[in-house]
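Below is one structure, written out as structure tokens, with a few remarks after it.
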Amino acid sequence: MFTNMKNIALAAGVSAIALSSSAFADEKIMVSAIDVESSVSASTEANAMDFYPDLEEDLRAEVAERVPMSSDAADPQIKIDIRKIALNGSTMLPDSKEFNQLEGVVDITSPNGDNAGLSFPVMISAYAGDEIAPEGYVNVQPSETEFYVAMVSTFADVVAEGLANVNTAGEPIDP
């Protein structure tokens, strides 16, 4: 009888652990801060930040709309470094201010700024329907008047999707 009760207690304990682990895996990671910087502005062969000085804030706001935010300073932070803004590979944009490539790196950090070991690239391109985007890019087909909004919004979508692949312990999960 005592052996049966131990087995029942053990089975109940294992079931409770399995259920709590499942619930824990379904929790979304909360973000305490979003920091966007552009290393593009440091390049002498790039002029995009002259044309788009609000890009960092615009991207930060778009990401903030897509990820669960927290007021708890102990939650992880998102750091985004915009590394390339180009038109067909050229970082010197024409006077028309057009660009069709936006690249950056996203780091999920601990609150003290240490890299939590999760980093992923984001590469967005805008090419007409008959043109092929470079390998690894997420392609969007905006109208000429809305390309900036489409590029920034798609970048934010990819950041939010990448964050969805992180568990609350800050480790990658298998989708």
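Residues are named by chain letter and number: chains run A, B, ... in the order of the structure tokens, numbers start at 1 in each chain, and ligands are numbered from 1 in the order shown.
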DSSP on the backbone, strand (DSSP E) only: what residues of range 35-99 of chain A does that give? Format it as a PyMOL selection string. chain A and resi 35-38+77-86
Restricting the output to N, CA, C and O atoms, write the selected residues as a PDB file, in the first residue's frame.
ATOM      1  N   ASP A  35      16.703  49.647 -27.342  1.00  0.00           N
ATOM      2  CA  ASP A  35      17.707  50.641 -27.698  1.00  0.00           C
ATOM      3  C   ASP A  35      18.084  50.423 -29.163  1.00  0.00           C
ATOM      4  O   ASP A  35      18.452  49.315 -29.546  1.00  0.00           O
ATOM      5  N   VAL A  36      17.959  51.460 -29.971  1.00  0.00           N
ATOM      6  CA  VAL A  36      18.318  51.370 -31.389  1.00  0.00           C
ATOM      7  C   VAL A  36      19.410  52.390 -31.667  1.00  0.00           C
ATOM      8  O   VAL A  36      19.260  53.569 -31.348  1.00  0.00           O
ATOM      9  N   GLU A  37      20.503  51.915 -32.227  1.00  0.00           N
ATOM     10  CA  GLU A  37      21.607  52.792 -32.621  1.00  0.00           C
ATOM     11  C   GLU A  37      21.979  52.465 -34.056  1.00  0.00           C
ATOM     12  O   GLU A  37      21.720  51.373 -34.542  1.00  0.00           O
ATOM     13  N   SER A  38      22.602  53.415 -34.697  1.00  0.00           N
ATOM     14  CA  SER A  38      23.022  53.207 -36.072  1.00  0.00           C
ATOM     15  C   SER A  38      24.527  53.358 -36.197  1.00  0.00           C
ATOM     16  O   SER A  38      25.059  54.436 -35.978  1.00  0.00           O
ATOM     17  N   GLN A  77      16.617  43.224 -22.327  1.00  0.00           N
ATOM     18  CA  GLN A  77      16.514  44.401 -23.188  1.00  0.00           C
ATOM     19  C   GLN A  77      16.817  43.997 -24.624  1.00  0.00           C
ATOM     20  O   GLN A  77      17.521  43.020 -24.865  1.00  0.00           O
ATOM     21  N   ILE A  78      16.296  44.769 -25.569  1.00  0.00           N
ATOM     22  CA  ILE A  78      16.610  44.575 -26.980  1.00  0.00           C
ATOM     23  C   ILE A  78      17.539  45.707 -27.392  1.00  0.00           C
ATOM     24  O   ILE A  78      17.237  46.882 -27.157  1.00  0.00           O
ATOM     25  N   LYS A  79      18.646  45.335 -28.008  1.00  0.00           N
ATOM     26  CA  LYS A  79      19.564  46.323 -28.571  1.00  0.00           C
ATOM     27  C   LYS A  79      19.665  46.048 -30.065  1.00  0.00           C
ATOM     28  O   LYS A  79      19.961  44.923 -30.456  1.00  0.00           O
ATOM     29  N   ILE A  80      19.403  47.070 -30.858  1.00  0.00           N
ATOM     30  CA  ILE A  80      19.446  46.940 -32.311  1.00  0.00           C
ATOM     31  C   ILE A  80      20.510  47.882 -32.849  1.00  0.00           C
ATOM     32  O   ILE A  80      20.535  49.058 -32.502  1.00  0.00           O
ATOM     33  N   ASP A  81      21.363  47.348 -33.687  1.00  0.00           N
ATOM     34  CA  ASP A  81      22.388  48.145 -34.357  1.00  0.00           C
ATOM     35  C   ASP A  81      22.085  48.122 -35.852  1.00  0.00           C
ATOM     36  O   ASP A  81      22.187  47.074 -36.489  1.00  0.00           O
ATOM     37  N   ILE A  82      21.702  49.275 -36.388  1.00  0.00           N
ATOM     38  CA  ILE A  82      21.479  49.390 -37.837  1.00  0.00           C
ATOM     39  C   ILE A  82      22.854  49.493 -38.477  1.00  0.00           C
ATOM     40  O   ILE A  82      23.612  50.416 -38.181  1.00  0.00           O
ATOM     41  N   ARG A  83      23.157  48.550 -39.355  1.00  0.00           N
ATOM     42  CA  ARG A  83      24.501  48.490 -39.926  1.00  0.00           C
ATOM     43  C   ARG A  83      24.576  48.857 -41.397  1.00  0.00           C
ATOM     44  O   ARG A  83      25.669  49.156 -41.885  1.00  0.00           O
ATOM     45  N   LYS A  84      23.456  48.812 -42.096  1.00  0.00           N
ATOM     46  CA  LYS A  84      23.509  49.142 -43.525  1.00  0.00           C
ATOM     47  C   LYS A  84      22.166  49.664 -44.000  1.00  0.00           C
ATOM     48  O   LYS A  84      21.133  49.073 -43.733  1.00  0.00           O
ATOM     49  N   ILE A  85      22.222  50.767 -44.699  1.00  0.00           N
ATOM     50  CA  ILE A  85      21.076  51.320 -45.410  1.00  0.00           C
ATOM     51  C   ILE A  85      21.608  51.598 -46.803  1.00  0.00           C
ATOM     52  O   ILE A  85      22.534  52.397 -46.966  1.00  0.00           O
ATOM     53  N   ALA A  86      21.061  50.917 -47.798  1.00  0.00           N
ATOM     54  CA  ALA A  86      21.662  50.996 -49.130  1.00  0.00           C
ATOM     55  C   ALA A  86      20.611  50.953 -50.230  1.00  0.00           C
ATOM     56  O   ALA A  86      19.488  50.486 -50.031  1.00  0.00           O
TER      57      ALA A  86
END
Looking at only C-alpha atoms, which of A:Ala126, A:Val106, A:Met151, A:Met92 is the one that sits closest to Ala46 in chain A?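 The shortest atom-to-atom distance to Ala46 in chain A comes from A:Met92.
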Write out as a PDB file with C-alpha atoms, in the first residue's frame the residues lying within 8 Å of Ser125 in chain A, counting only C-alpha atoms and excluding same-chain residues fewer than 2 positions away.
ATOM      1  CA  ASN A 100      16.021  49.184 -50.805  1.00  0.00           C
ATOM      2  CA  GLN A 101      18.190  47.412 -48.225  1.00  0.00           C
ATOM      3  CA  LEU A 102      18.081  47.776 -44.455  1.00  0.00           C
ATOM      4  CA  MET A 123      18.071  41.946 -43.463  1.00  0.00           C
ATOM      5  CA  TYR A 127      12.643  44.797 -54.885  1.00  0.00           C
ATOM      6  CA  ALA A 133      16.204  39.738 -53.442  1.00  0.00           C
ATOM      7  CA  PRO A 134      19.669  38.798 -52.176  1.00  0.00           C
ATOM      8  CA  TYR A 137      16.814  39.006 -47.032  1.00  0.00           C
ATOM      9  CA  VAL A 138      13.130  39.333 -46.199  1.00  0.00           C
ATOM     10  CA  ASN A 139      11.633  41.030 -49.257  1.00  0.00           C
ATOM     11  CA  VAL A 140       8.809  43.579 -49.163  1.00  0.00           C
ATOM     12  CA  MET A 151      11.020  48.839 -44.627  1.00  0.00           C
TER      13      MET A 151
END
Can you tell me, as a count of residues only, what residues are no more than 12 Å from Tyr52 in chain A when counting only C-alpha atoms, ignoring any on the same chain fewer than 2 positions away? 22
What separation in Å, quoted to one decimal, exists between CA of Ser110 in chain A and CA of Pro76 in chain A?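 Distance reported for this atom pair: 4.7 Å.
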As an exercise, work out the distance from CA of Val158 in chain A to CA of Ile29 in chain A in Å and give it to one decimal place.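 Calculated distance between CA of Val158 in chain A and CA of Ile29 in chain A is 15.6 Å.
Separating CA of Met30 in chain A from CA of Ala160 in chain A is a distance of 11.4 Å.
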